[in-house]
Structure formats: structure tokens, C-alpha cells
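Trainee: File work-v9.pdb follows (PDB, C-alpha atoms):
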```
ATOM      1  CA  MET U   1       2.646  17.038  14.217
ATOM      2  CA  ALA U   2       1.862  19.889  11.829
ATOM      3  CA  HIS U   3      -0.239  18.843   8.893
ATOM      4  CA  ALA U   4       1.860  20.970   6.546
ATOM      5  CA  ALA U   5       4.903  18.778   7.274
ATOM      6  CA  ILE U   6       3.405  15.805   5.450
ATOM      7  CA  LYS U   7       4.091  15.654   1.706
ATOM      8  CA  PHE U   8       3.482  11.948   0.985
ATOM      9  CA  LEU U   9       1.176   9.250   2.346
ATOM     10  CA  VAL U  10       2.656   5.815   1.649
ATOM     11  CA  PHE U  11      -0.133   3.313   2.161
ATOM     12  CA  ASP U  12      -1.275  -0.274   1.810
ATOM     13  CA  SER U  13      -4.570  -1.991   2.519
ATOM     14  CA  GLU U  14      -5.803  -5.498   3.222
ATOM     15  CA  SER U  15      -9.317  -6.657   2.476
ATOM     16  CA  ALA U  16     -11.774  -9.465   3.086
ATOM     17  CA  SER U  17     -14.764 -10.754   1.157
ATOM     18  CA  ASP U  18     -18.282  -9.583   1.882
ATOM     19  CA  GLY U  19     -19.990 -12.960   2.031
ATOM     20  CA  SER U  20     -23.473 -11.502   2.312
ATOM     21  CA  LEU U  21     -22.963  -9.496  -0.863
ATOM     22  CA  ILE U  22     -21.565 -12.518  -2.703
ATOM     23  CA  SER U  23     -24.553 -14.564  -1.597
ATOM     24  CA  ARG U  24     -27.056 -11.942  -2.811
ATOM     25  CA  VAL U  25     -25.372 -11.123  -6.121
ATOM     26  CA  ARG U  26     -23.889 -14.422  -7.266
ATOM     27  CA  TYR U  27     -26.267 -16.922  -5.666
ATOM     28  CA  PRO U  28     -29.633 -15.182  -5.408
ATOM     29  CA  SER U  29     -32.504 -17.213  -3.974
ATOM     30  CA  GLN U  30     -30.172 -20.001  -2.838
ATOM     31  CA  GLY U  31     -30.111 -18.870   0.777
ATOM     32  CA  LEU U  32     -26.358 -19.365   1.215
ATOM     33  CA  ALA U  33     -24.847 -18.148   4.483
ATOM     34  CA  ALA U  34     -22.081 -15.568   4.106
ATOM     35  CA  ALA U  35     -19.220 -17.965   4.882
ATOM     36  CA  GLU U  36     -20.675 -20.621   2.591
ATOM     37  CA  ALA U  37     -20.987 -18.151  -0.272
ATOM     38  CA  VAL U  38     -17.338 -17.085   0.083
ATOM     39  CA  THR U  39     -16.151 -20.691   0.172
ATOM     40  CA  ARG U  40     -18.160 -21.581  -2.922
ATOM     41  CA  TYR U  41     -17.030 -18.518  -4.880
ATOM     42  CA  ARG U  42     -13.363 -19.122  -4.017
ATOM     43  CA  ALA U  43     -13.635 -22.707  -5.214
ATOM     44  CA  GLU U  44     -15.178 -21.531  -8.488
ATOM     45  CA  LEU U  45     -12.380 -18.989  -8.945
ATOM     46  CA  VAL U  46      -9.737 -21.671  -8.508
ATOM     47  CA  GLU U  47     -11.388 -23.722 -11.239
ATOM     48  CA  THR U  48     -11.659 -20.836 -13.682
ATOM     49  CA  THR U  49      -8.578 -18.717 -12.913
ATOM     50  CA  GLY U  50      -6.254 -20.890 -10.835
ATOM     51  CA  SER U  51      -6.474 -18.441  -7.929
ATOM     52  CA  ASP U  52      -9.018 -18.068  -5.155
ATOM     53  CA  PHE U  53      -8.537 -14.311  -4.860
ATOM     54  CA  VAL U  54     -11.946 -12.637  -4.827
ATOM     55  CA  PRO U  55     -12.283  -9.463  -6.989
ATOM     56  CA  TYR U  56     -12.128  -6.202  -5.055
ATOM     57  CA  THR U  57     -15.724  -5.406  -5.970
ATOM     58  CA  TYR U  58     -16.826  -8.124  -3.531
ATOM     59  CA  GLN U  59     -14.428  -7.031  -0.783
ATOM     60  CA  VAL U  60     -14.170  -4.423   1.962
ATOM     61  CA  PRO U  61     -11.026  -2.938   3.565
ATOM     62  CA  VAL U  62     -10.186  -4.543   6.918
ATOM     63  CA  SER U  63      -6.746  -3.020   7.443
ATOM     64  CA  LEU U  64      -5.140   0.169   6.187
ATOM     65  CA  VAL U  65      -1.705   1.373   7.260
ATOM     66  CA  VAL U  66      -0.297   4.775   6.308
ATOM     67  CA  ALA U  67       3.258   6.085   6.543
ATOM     68  CA  LYS U  68       3.444   9.854   6.853
ATOM     69  CA  VAL U  69       6.469  11.167   4.974
ATOM     70  CA  ALA U  70       7.927  14.673   4.829
ATOM     71  CA  ALA U  71       8.934  16.582   1.688
ATOM     72  CA  ASP U  72      12.567  15.590   2.335
ATOM     73  CA  TYR U  73      11.454  11.905   2.390
ATOM     74  CA  THR U  74      11.903  11.522   6.145
ATOM     75  CA  LEU U  75       9.538   8.990   7.739
ATOM     76  CA  LEU U  76       7.464  10.880  10.326
ATOM     77  CA  ASP U  77       5.035   8.233  11.565
ATOM     78  CA  ILE U  78       3.196   5.033  10.689
ATOM     79  CA  VAL U  79      -0.422   4.604  11.714
ATOM     80  CA  ALA U  80      -2.955   1.789  11.376
ATOM     81  CA  LEU U  81      -6.400   3.290  10.823
ATOM     82  CA  ASP U  82      -9.097   2.396  13.359
ATOM     83  CA  GLU U  83      -6.836   0.095  15.343
ATOM     84  CA  PRO U  84      -7.865  -2.047  17.234
ATOM     85  CA  GLU U  85     -11.491  -1.932  16.032
ATOM     86  CA  PHE U  86     -10.735  -2.409  12.301
ATOM     87  CA  ARG U  87     -14.200  -1.233  11.206
ATOM     88  CA  SER U  88     -14.368  -1.022   7.435
ATOM     89  CA  HIS U  89     -16.530   2.093   7.267
ATOM     90  CA  VAL U  90     -14.338   3.933   9.769
ATOM     91  CA  ILE U  91     -11.140   2.870   7.979
ATOM     92  CA  THR U  92     -12.565   4.216   4.725
ATOM     93  CA  ASP U  93     -13.680   7.524   6.201
ATOM     94  CA  ARG U  94     -10.408   8.133   8.047
ATOM     95  CA  PHE U  95      -8.351   7.447   4.949
ATOM     96  CA  TRP U  96     -10.177   9.989   2.803
ATOM     97  CA  ARG U  97     -10.627  12.531   5.608
ATOM     98  CA  GLY U  98      -6.941  12.203   6.475
ATOM     99  CA  TRP U  99      -5.885  12.821   2.888
ATOM    100  CA  GLU U 100      -7.851  16.067   2.939
ATOM    101  CA  ALA U 101      -6.776  17.080   6.455
ATOM    102  CA  TYR U 102      -3.090  16.815   5.544
ATOM    103  CA  GLY U 103      -3.527  19.089   2.539
ATOM    104  CA  ARG U 104      -4.046  16.363  -0.095
ATOM    105  CA  PRO U 105      -0.499  14.980  -0.125
ATOM    106  CA  THR U 106       0.724  12.623  -2.835
ATOM    107  CA  LEU U 107      -0.546   9.090  -2.281
ATOM    108  CA  VAL U 108       2.196   6.488  -2.768
ATOM    109  CA  SER U 109       1.441   2.807  -3.311
ATOM    110  CA  PHE U 110       2.694  -0.333  -4.993
ATOM    111  CA  ASN U 111       0.040  -1.461  -7.473
ATOM    112  CA  GLY U 112      -2.501   0.681  -5.647
ATOM    113  CA  ARG U 113      -4.016   1.876  -8.910
ATOM    114  CA  SER U 114      -5.177  -1.643  -9.716
ATOM    115  CA  PHE U 115      -6.399  -2.636  -6.269
ATOM    116  CA  ASP U 116      -6.110  -0.421  -3.187
ATOM    117  CA  LEU U 117      -7.561   2.786  -4.578
ATOM    118  CA  PRO U 118     -10.441   1.129  -6.468
ATOM    119  CA  LEU U 119     -11.211  -0.769  -3.246
ATOM    120  CA  LEU U 120     -11.246   2.467  -1.219
ATOM    121  CA  GLU U 121     -13.220   4.375  -3.837
ATOM    122  CA  LEU U 122     -15.872   1.654  -3.922
ATOM    123  CA  ALA U 123     -15.890   1.557  -0.112
ATOM    124  CA  ALA U 124     -16.576   5.309  -0.106
ATOM    125  CA  PHE U 125     -19.470   4.638  -2.499
ATOM    126  CA  ARG U 126     -20.744   1.816  -0.279
ATOM    127  CA  TYR U 127     -20.585   3.802   2.977
ATOM    128  CA  GLY U 128     -21.700   7.177   1.634
ATOM    129  CA  VAL U 129     -18.372   8.952   2.146
ATOM    130  CA  SER U 130     -18.176  12.112   0.046
ATOM    131  CA  VAL U 131     -14.772  12.785  -1.553
ATOM    132  CA  PRO U 132     -15.296  15.587  -4.108
ATOM    133  CA  ALA U 133     -11.666  16.735  -3.889
ATOM    134  CA  TRP U 134     -10.484  13.313  -5.062
ATOM    135  CA  PHE U 135     -13.132  12.962  -7.764
ATOM    136  CA  ASN U 136     -12.244  16.272  -9.451
ATOM    137  CA  ILE U 137     -13.795  15.149 -12.726
ATOM    138  CA  THR U 138     -14.414  18.677 -14.060
ATOM    139  CA  ASP U 139     -10.690  19.515 -14.124
ATOM    140  CA  LYS U 140      -8.545  18.994 -17.200
ATOM    141  CA  ASN U 141      -7.905  15.315 -17.865
ATOM    142  CA  TRP U 142      -4.234  15.372 -16.875
ATOM    143  CA  GLU U 143      -5.005  17.344 -13.697
ATOM    144  CA  GLN U 144      -7.632  14.936 -12.414
ATOM    145  CA  ASN U 145      -6.392  13.033  -9.371
ATOM    146  CA  ARG U 146      -7.510   9.709 -10.825
ATOM    147  CA  SER U 147      -5.632  10.221 -14.093
ATOM    148  CA  ARG U 148      -3.146   7.402 -14.554
ATOM    149  CA  TYR U 149      -0.357   9.835 -15.387
ATOM    150  CA  ASN U 150      -0.977  12.330 -12.577
ATOM    151  CA  THR U 151       1.883  11.154 -10.380
ATOM    152  CA  GLY U 152       1.552  14.255  -8.227
ATOM    153  CA  ALA U 153      -1.775  12.979  -6.914
ATOM    154  CA  HIS U 154      -0.908   9.287  -6.803
ATOM    155  CA  LEU U 155       2.501   7.757  -7.423
ATOM    156  CA  ASP U 156       1.999   4.062  -8.071
ATOM    157  CA  LEU U 157       5.524   2.632  -7.901
ATOM    158  CA  HIS U 158       4.448  -0.474  -9.819
ATOM    159  CA  ASP U 159       3.056   1.693 -12.617
ATOM    160  CA  LEU U 160       6.260   3.680 -12.804
ATOM    161  CA  LEU U 161       8.563   0.640 -12.823
ATOM    162  CA  THR U 162       6.522  -1.044 -15.567
ATOM    163  CA  ASN U 163       6.268   2.108 -17.712
ATOM    164  CA  PHE U 164       2.552   2.273 -16.904
ATOM    165  CA  GLY U 165       1.797  -1.326 -17.735
ATOM    166  CA  ALA U 166       4.108  -1.783 -20.724
ATOM    167  CA  THR U 167       5.851  -4.696 -18.965
ATOM    168  CA  ARG U 168       5.060  -7.233 -16.256
ATOM    169  CA  PHE U 169       6.770  -6.837 -12.881
ATOM    170  CA  ASN U 170       7.098 -10.493 -11.970
ATOM    171  CA  GLY U 171       7.810 -10.817  -8.264
ATOM    172  CA  GLY U 172       5.900  -7.701  -7.214
ATOM    173  CA  LEU U 173       6.662  -5.731  -4.073
ATOM    174  CA  ASN U 174       8.402  -8.757  -2.585
ATOM    175  CA  LEU U 175      11.004  -8.723  -5.353
ATOM    176  CA  ALA U 176      11.463  -4.942  -5.302
ATOM    177  CA  ALA U 177      12.039  -4.989  -1.538
ATOM    178  CA  ASN U 178      14.477  -7.892  -1.763
ATOM    179  CA  LEU U 179      16.522  -6.054  -4.386
ATOM    180  CA  LEU U 180      17.139  -3.501  -1.637
ATOM    181  CA  GLY U 181      17.912  -6.103   1.032
ATOM    182  CA  LYS U 182      14.600  -5.658   2.820
ATOM    183  CA  PRO U 183      12.502  -8.589   4.109
ATOM    184  CA  GLY U 184       9.637  -8.540   1.628
ATOM    185  CA  LYS U 185       7.051 -11.235   2.301
ATOM    186  CA  MET U 186       7.823 -13.150   5.491
ATOM    187  CA  ASP U 187       5.458 -15.504   7.317
ATOM    188  CA  VAL U 188       2.266 -14.076   5.771
ATOM    189  CA  GLN U 189       1.241 -13.804   2.121
ATOM    190  CA  GLY U 190      -1.588 -11.752   0.685
ATOM    191  CA  ASP U 191      -3.660 -14.794  -0.226
ATOM    192  CA  MET U 192      -3.731 -15.778   3.466
ATOM    193  CA  VAL U 193      -5.604 -12.667   4.619
ATOM    194  CA  GLN U 194      -9.109 -14.009   3.961
ATOM    195  CA  ASP U 195      -8.518 -17.086   6.115
ATOM    196  CA  MET U 196      -6.887 -14.952   8.815
ATOM    197  CA  PHE U 197      -9.934 -12.684   8.775
ATOM    198  CA  ASN U 198     -12.241 -15.685   9.089
ATOM    199  CA  GLU U 199     -10.260 -16.684  12.194
ATOM    200  CA  SER U 200     -10.510 -13.143  13.646
ATOM    201  CA  ARG U 201      -6.725 -12.668  13.493
ATOM    202  CA  PHE U 202      -7.156  -8.953  12.927
ATOM    203  CA  ALA U 203      -3.997  -7.785  14.699
ATOM    204  CA  GLU U 204      -1.884 -10.140  12.579
ATOM    205  CA  ILE U 205      -3.431  -8.760   9.406
ATOM    206  CA  ASN U 206      -2.565  -5.262  10.562
ATOM    207  CA  ASP U 207       1.014  -6.290  11.324
ATOM    208  CA  TYR U 208       1.349  -7.809   7.846
ATOM    209  CA  CYS U 209       0.072  -4.565   6.371
ATOM    210  CA  ARG U 210       2.604  -2.565   8.436
ATOM    211  CA  CYS U 211       5.471  -4.574   6.962
ATOM    212  CA  ASP U 212       4.178  -4.049   3.434
ATOM    213  CA  VAL U 213       4.120  -0.305   4.069
ATOM    214  CA  LEU U 214       7.728  -0.382   5.254
ATOM    215  CA  ASP U 215       8.732  -2.279   2.112
ATOM    216  CA  THR U 216       6.815   0.245  -0.003
ATOM    217  CA  TYR U 217       8.527   3.153   1.742
ATOM    218  CA  PHE U 218      12.002   1.778   1.019
ATOM    219  CA  VAL U 219      11.070   1.129  -2.623
ATOM    220  CA  PHE U 220       9.730   4.701  -2.747
ATOM    221  CA  LEU U 221      13.101   6.027  -1.568
ATOM    222  CA  ARG U 222      14.949   4.144  -4.308
ATOM    223  CA  VAL U 223      12.453   5.347  -6.919
ATOM    224  CA  ALA U 224      13.201   8.893  -5.731
ATOM    225  CA  VAL U 225      16.872   8.158  -6.474
ATOM    226  CA  LEU U 226      15.866   6.781  -9.881
ATOM    227  CA  LEU U 227      13.972   9.988 -10.651
ATOM    228  CA  GLY U 228      16.861  12.209  -9.533
ATOM    229  CA  ARG U 229      14.881  13.602  -6.612
ATOM    230  CA  LEU U 230      17.109  12.102  -3.920
ATOM    231  CA  PRO U 231      20.893  11.512  -3.956
ATOM    232  CA  LEU U 232      21.903   7.913  -3.318
ATOM    233  CA  LEU U 233      23.980   8.893  -0.293
ATOM    234  CA  ARG U 234      21.022  10.714   1.256
ATOM    235  CA  GLU U 235      18.777   7.725   0.554
ATOM    236  CA  GLN U 236      21.151   5.503   2.502
ATOM    237  CA  GLU U 237      21.119   7.978   5.393
ATOM    238  CA  LEU U 238      17.315   7.867   5.411
ATOM    239  CA  VAL U 239      17.347   4.058   5.387
ATOM    240  CA  ALA U 240      19.664   4.039   8.416
ATOM    241  CA  ALA U 241      17.524   6.612  10.224
ATOM    242  CA  THR U 242      14.387   4.581   9.510
ATOM    243  CA  LYS U 243      16.026   1.449  10.864
ATOM    244  CA  ASP U 244      16.673   3.362  14.099
ATOM    245  CA  TRP U 245      13.025   4.496  14.077
ATOM    246  CA  ILE U 246      11.820   0.895  13.730
ATOM    247  CA  THR U 247      14.243  -0.347  16.389
ATOM    248  CA  ALA U 248      12.996   2.219  18.902
ATOM    249  CA  ARG U 249       9.454   0.840  18.515
ATOM    250  CA  ALA U 250      10.187  -2.865  18.140
ATOM    251  CA  GLU U 251       9.486  -3.745  21.790
ATOM    252  CA  GLN U 252       5.955  -2.335  21.552
ATOM    253  CA  CYS U 253       5.207  -3.640  18.055
ATOM    254  CA  PRO U 254       5.875  -7.313  17.196
ATOM    255  CA  ALA U 255       5.637  -6.527  13.483
ATOM    256  CA  TYR U 256       8.634  -4.203  13.697
ATOM    257  CA  ALA U 257      10.643  -6.810  15.595
ATOM    258  CA  ARG U 258       9.931  -9.381  12.873
ATOM    259  CA  TYR U 259      10.822  -6.873  10.197
ATOM    260  CA  LEU U 260      14.173  -6.191  11.840
ATOM    261  CA  ALA U 261      14.817  -9.924  12.114
ATOM    262  CA  GLY U 262      14.552 -10.156   8.335
ATOM    263  CA  TRP U 263      16.458  -6.931   7.697
ATOM    264  CA  GLY U 264      19.290  -6.898   5.196
ATOM    265  CA  ASP U 265      21.464  -4.017   4.051
ATOM    266  CA  TRP U 266      21.643  -3.123   0.386
ATOM    267  CA  GLU U 267      24.963  -4.245  -1.097
ATOM    268  CA  ASN U 268      26.457  -1.061  -2.528
ATOM    269  CA  PRO U 269      28.540  -1.970  -5.617
ATOM    270  CA  TRP U 270      30.087   1.458  -6.012
ATOM    271  CA  LYS U 271      33.756   1.794  -4.995
ATOM    272  CA  GLY U 272      34.427   5.359  -3.893
ATOM    273  CA  SER U 273      34.756   6.694  -0.417
ATOM    274  CA  ASP U 274      31.240   8.119  -0.532
ATOM    275  CA  GLY U 275      29.716   4.927  -1.952
ATOM    276  CA  VAL U 276      28.027   6.648  -4.901
ATOM    277  CA  PRO U 277      28.600   6.363  -8.657
ATOM    278  CA  GLU U 278      31.318   8.585 -10.055
ATOM    279  CA  PRO U 279      30.225  11.066 -12.714
ATOM    280  CA  VAL U 280      30.836  10.079 -16.327
ATOM    281  CA  LYS U 281      33.889  11.809 -17.748
ATOM    282  CA  SER U 282      33.635  13.258 -21.222
ATOM    283  CA  ALA U 283      36.080  12.100 -23.881
TER
END
```
Please, can you express the file's structure as C-alpha cells?

Mentor:
Amino acid sequence: MAHAAIKFLVFDSESASDGSLISRVRYPSQGLAAAEAVTRYRAELVETTGSDFVPYTYQVPVSLVVAKVAADYTLLDIVALDEPEFRSHVITDRFWRGWEAYGRPTLVSFNGRSFDLPLLELAAFRYGVSVPAWFNITDKNWEQNRSRYNTGAHLDLHDLLTNFGATRFNGGLNLAANLLGKPGKMDVQGDMVQDMFNESRFAEINDYCRCDVLDTYFVFLRVAVLLGRLPLLREQELVAATKDWITARAEQCPAYARYLAGWGDWENPWKGSDGVPEPVKSA
């Protein structure tokens, strides 16, 4: 596959707590084992915040799935980085090296600005991965890749749908996917990943991440319609083509089979033979 063919990288990551780091930073001199430190910190978080989700600063990426998408929004491939080893440092390096190798395509995420990218930036810091092209801090503010409003470098679909944080998107990616008839969250939720990691269920974490990437891709297509970059009829053609792509791989990938089992078609409310809104007629 030619690198030049890839215009967008739609991605999602899953992470797990670094118990040794938590033990050293939060409970110094107490000699807590890694697992014990994570358990204690999660319990404290529940008491103070109502959630046991550990901040990304104490986590490392354990799964990262990327959908390679062409300039015409066609899905080209989906890859899970460093499968089946799932080594955090290798995942981190391959993500940033891949972004550069493919000509620095637009990164596309759902709420990636608040979690996935900070996680991967900190992982690059942790593992000594140099990413000067991403950290272009000497460029003009609006041209810097990490600028919140530089949607050419990173299109965070959650940011766009909330007018860059002006509103709350209750329901998250699960809701956005369901609006389009797609499965959304199925048998795994994000807050289950830590326990799955503790049980060495790495392949299942990767499969969960794959399904999130598919949901994100379909939301990305509808956002392209919203922005006037893709006609609705063409979006529906791409959805059908992607369903065929998933079906062709479902026997080899259990995650795709489960995704198809939860598949639903978007209910098109428009009445016309082409199934698209009719243009507004002037008075």
C-alpha cells in the first residue's frame, strides 16, 4: 500500500495503570506491590470522584488500533500495533513513526485530545521517543499540530460536536455510533480494561479497541457529511462498502463477527428516490 494513499489515521487506544509508578509516587516508603498500589488508588478514586478510572499520567498504552483512510474517505486497512506482543514502548514508537512514515496524515479520534494523545505524548516522553514533527512549537500558534483548533493535524470528533467544549456530549462515542445504527459499546466497557489487563486478556482488549475504531470511523464519515466534505449518498455507499470489508474478515477476526452481529442500518428519513434531502426552494 502506497504511503501517499493515506490521508487520515482514525485511531483509539486502551491503557492500563503502571502500578510500580503509582507505588513510588503516591505511596513512597510504604513498599506496596504494583497490584496492591493500583487497587488502593482505585479505591481512593471511588471515594473522592465516584469513579475508579486512574488518570492517564499513571497509565501506559496497552492497545492501539489504527484505521488507514484514503482522501476519498475509503477505509484501506485496520491494524493493531504490536499485535500480539502488545508492548507499550513498541506501540508508542510505531504510532509516532507511522504518523511520520505516512506523510503526517490527519489524526482522527473521539475525545482523543483529552485522553489518547496526552497518553501517547507522555508515553513518548517516558520511552525516549523523539517526535519533533509533532511538537512543532516554533511554528505559529494556529499551525502547531497540538493547537486545539488545528483540525488539519488532529480532528477530534468530540471536540467538533461539542463546539470545542462549549457543551457536554452525554453518551459519548456509544451514543454517536448508535445514532447511526452502529453497535457502540457491546460486551466490554472502557472501565473494564484494567481488570482485563490484570487477567492477561490482551487479545480481548485489542478486539474492544478495534470495535471502537470502527465506531469512530462511521462517526467520522457522518461528520464529513456535516462539514459538507462528503455527500450523504456517498457516505452511505462507503458504509455499505465497509460492511463488506468487515464481513470478508469476520471469520479470521472474532471482533468483526461480533460487530456485525450488533450491526444496524441508519434509518434514512428522507423520501426521495436518492434518499438525500431535497434542496431548499427559494420563495

Trainee: Specify as a list in words each residue included when the PyMOL selection byres ((chain U and resi 146-153) around 10) is applied to this file.

Mentor: Phe8, Arg104, Pro105, Thr106, Leu107, Val108, Arg113, Leu117, Trp134, Phe135, Asn136, Ile137, Lys140, Asn141, Trp142, Glu143, Gln144, Asn145, His154, Leu155, Asp156, Leu157, Asp159, Leu160 and Phe164 of chain U

Trainee: From (-11.2, -1.3, 11.1), in the file's coordinates, out to 12 Å: which residues are reached, counting all atoms listed in the file? Answer as a ChimeraX atom specification.

Mentor: /U:13-16,60-65,80-95,197,202-203,205-206

Trainee: Limited to C-alpha atoms, could you put the picked residues into a file as a compact mmCIF listing (two decimals), in the coordinates of the input?

Mentor:
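again.txt, written as the output of this step:
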```txt
# COMPACT_ATOMS: atom_id res chain seq x y z
CA SER U 13 -4.57 -1.99 2.52
CA GLU U 14 -5.80 -5.50 3.22
CA SER U 15 -9.32 -6.66 2.48
CA ALA U 16 -11.77 -9.46 3.09
CA VAL U 60 -14.17 -4.42 1.96
CA PRO U 61 -11.03 -2.94 3.56
CA VAL U 62 -10.19 -4.54 6.92
CA SER U 63 -6.75 -3.02 7.44
CA LEU U 64 -5.14 0.17 6.19
CA VAL U 65 -1.70 1.37 7.26
CA ALA U 80 -2.96 1.79 11.38
CA LEU U 81 -6.40 3.29 10.82
CA ASP U 82 -9.10 2.40 13.36
CA GLU U 83 -6.84 0.10 15.34
CA PRO U 84 -7.86 -2.05 17.23
CA GLU U 85 -11.49 -1.93 16.03
CA PHE U 86 -10.74 -2.41 12.30
CA ARG U 87 -14.20 -1.23 11.21
CA SER U 88 -14.37 -1.02 7.44
CA HIS U 89 -16.53 2.09 7.27
CA VAL U 90 -14.34 3.93 9.77
CA ILE U 91 -11.14 2.87 7.98
CA THR U 92 -12.56 4.22 4.72
CA ASP U 93 -13.68 7.52 6.20
CA ARG U 94 -10.41 8.13 8.05
CA PHE U 95 -8.35 7.45 4.95
CA PHE U 197 -9.93 -12.68 8.78
CA PHE U 202 -7.16 -8.95 12.93
CA ALA U 203 -4.00 -7.78 14.70
CA ILE U 205 -3.43 -8.76 9.41
CA ASN U 206 -2.56 -5.26 10.56
```

Trainee: As a check of understanding, name the residues that the PyMOL selection byres ((chain U and resi 236) around 12) selects in the supplied structure, as an NGL selection string.

Mentor: :U and (73-74 or 180 or 218 or 221-222 or 224-225 or 230-235 or 237-243 or 265-268 or 274-276)

Trainee: Could you tell me how far CA of Val69 (chain U) lies from CA of Tyr217 (chain U), in Å and to one decimal?

Mentor: 8.9 Å

Trainee: Residues within 7 Å of (-4.1, 8.2, 2.3), file coordinates, counting all atoms listed in the file: what are they? Give the list as a PyMOL selection string.

Mentor: chain U and resi 9+11+66+95-96+98-99+107

Trainee: Of the candidates U:Gly19, U:Gly103, U:Pro254, U:Gly165, which shows the shortest atom-to-atom distance to Arg40 (chain U), using all atoms listed in the file?

Mentor: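 That would be U:Gly19, the residue with the smallest distance to Arg40 (chain U).
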
Trainee: What does the distance between CA of Tyr27 (chain U) and CA of Gly112 (chain U) come to in Å, to one decimal place?

Mentor: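 Atom-to-atom, CA of Tyr27 (chain U) to CA of Gly112 (chain U), that is 29.6 Å.
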
Trainee: Which distance in Å separates CA of Ser130 (chain U) and CA of Asp116 (chain U), to one decimal?

Mentor: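 These atoms are spaced 17.7 Å apart.
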
Trainee: Which one is closest to His158 (chain U): U:Ala35, U:Ala43, U:Val219, U:Leu122? Count only C-alpha atoms.

Mentor: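 Among the listed residues, U:Val219 lies closest to His158 (chain U).
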
Trainee: Rank nothing, just name the residue among U:Leu21, U:Cys253, U:Ala67, U:Ala166 nearest to Arg126 (chain U), using only C-alpha atoms.

Mentor: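 Nearest to Arg126 (chain U): U:Leu21.
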
Trainee: With distances taken over only C-alpha atoms, which residue among U:Arg42, U:Arg168, U:Lys182, U:Lys68 lies nearest Gln194 (chain U)?

Mentor: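 Checking each candidate against Gln194 (chain U), we get U:Arg42 as the closest.
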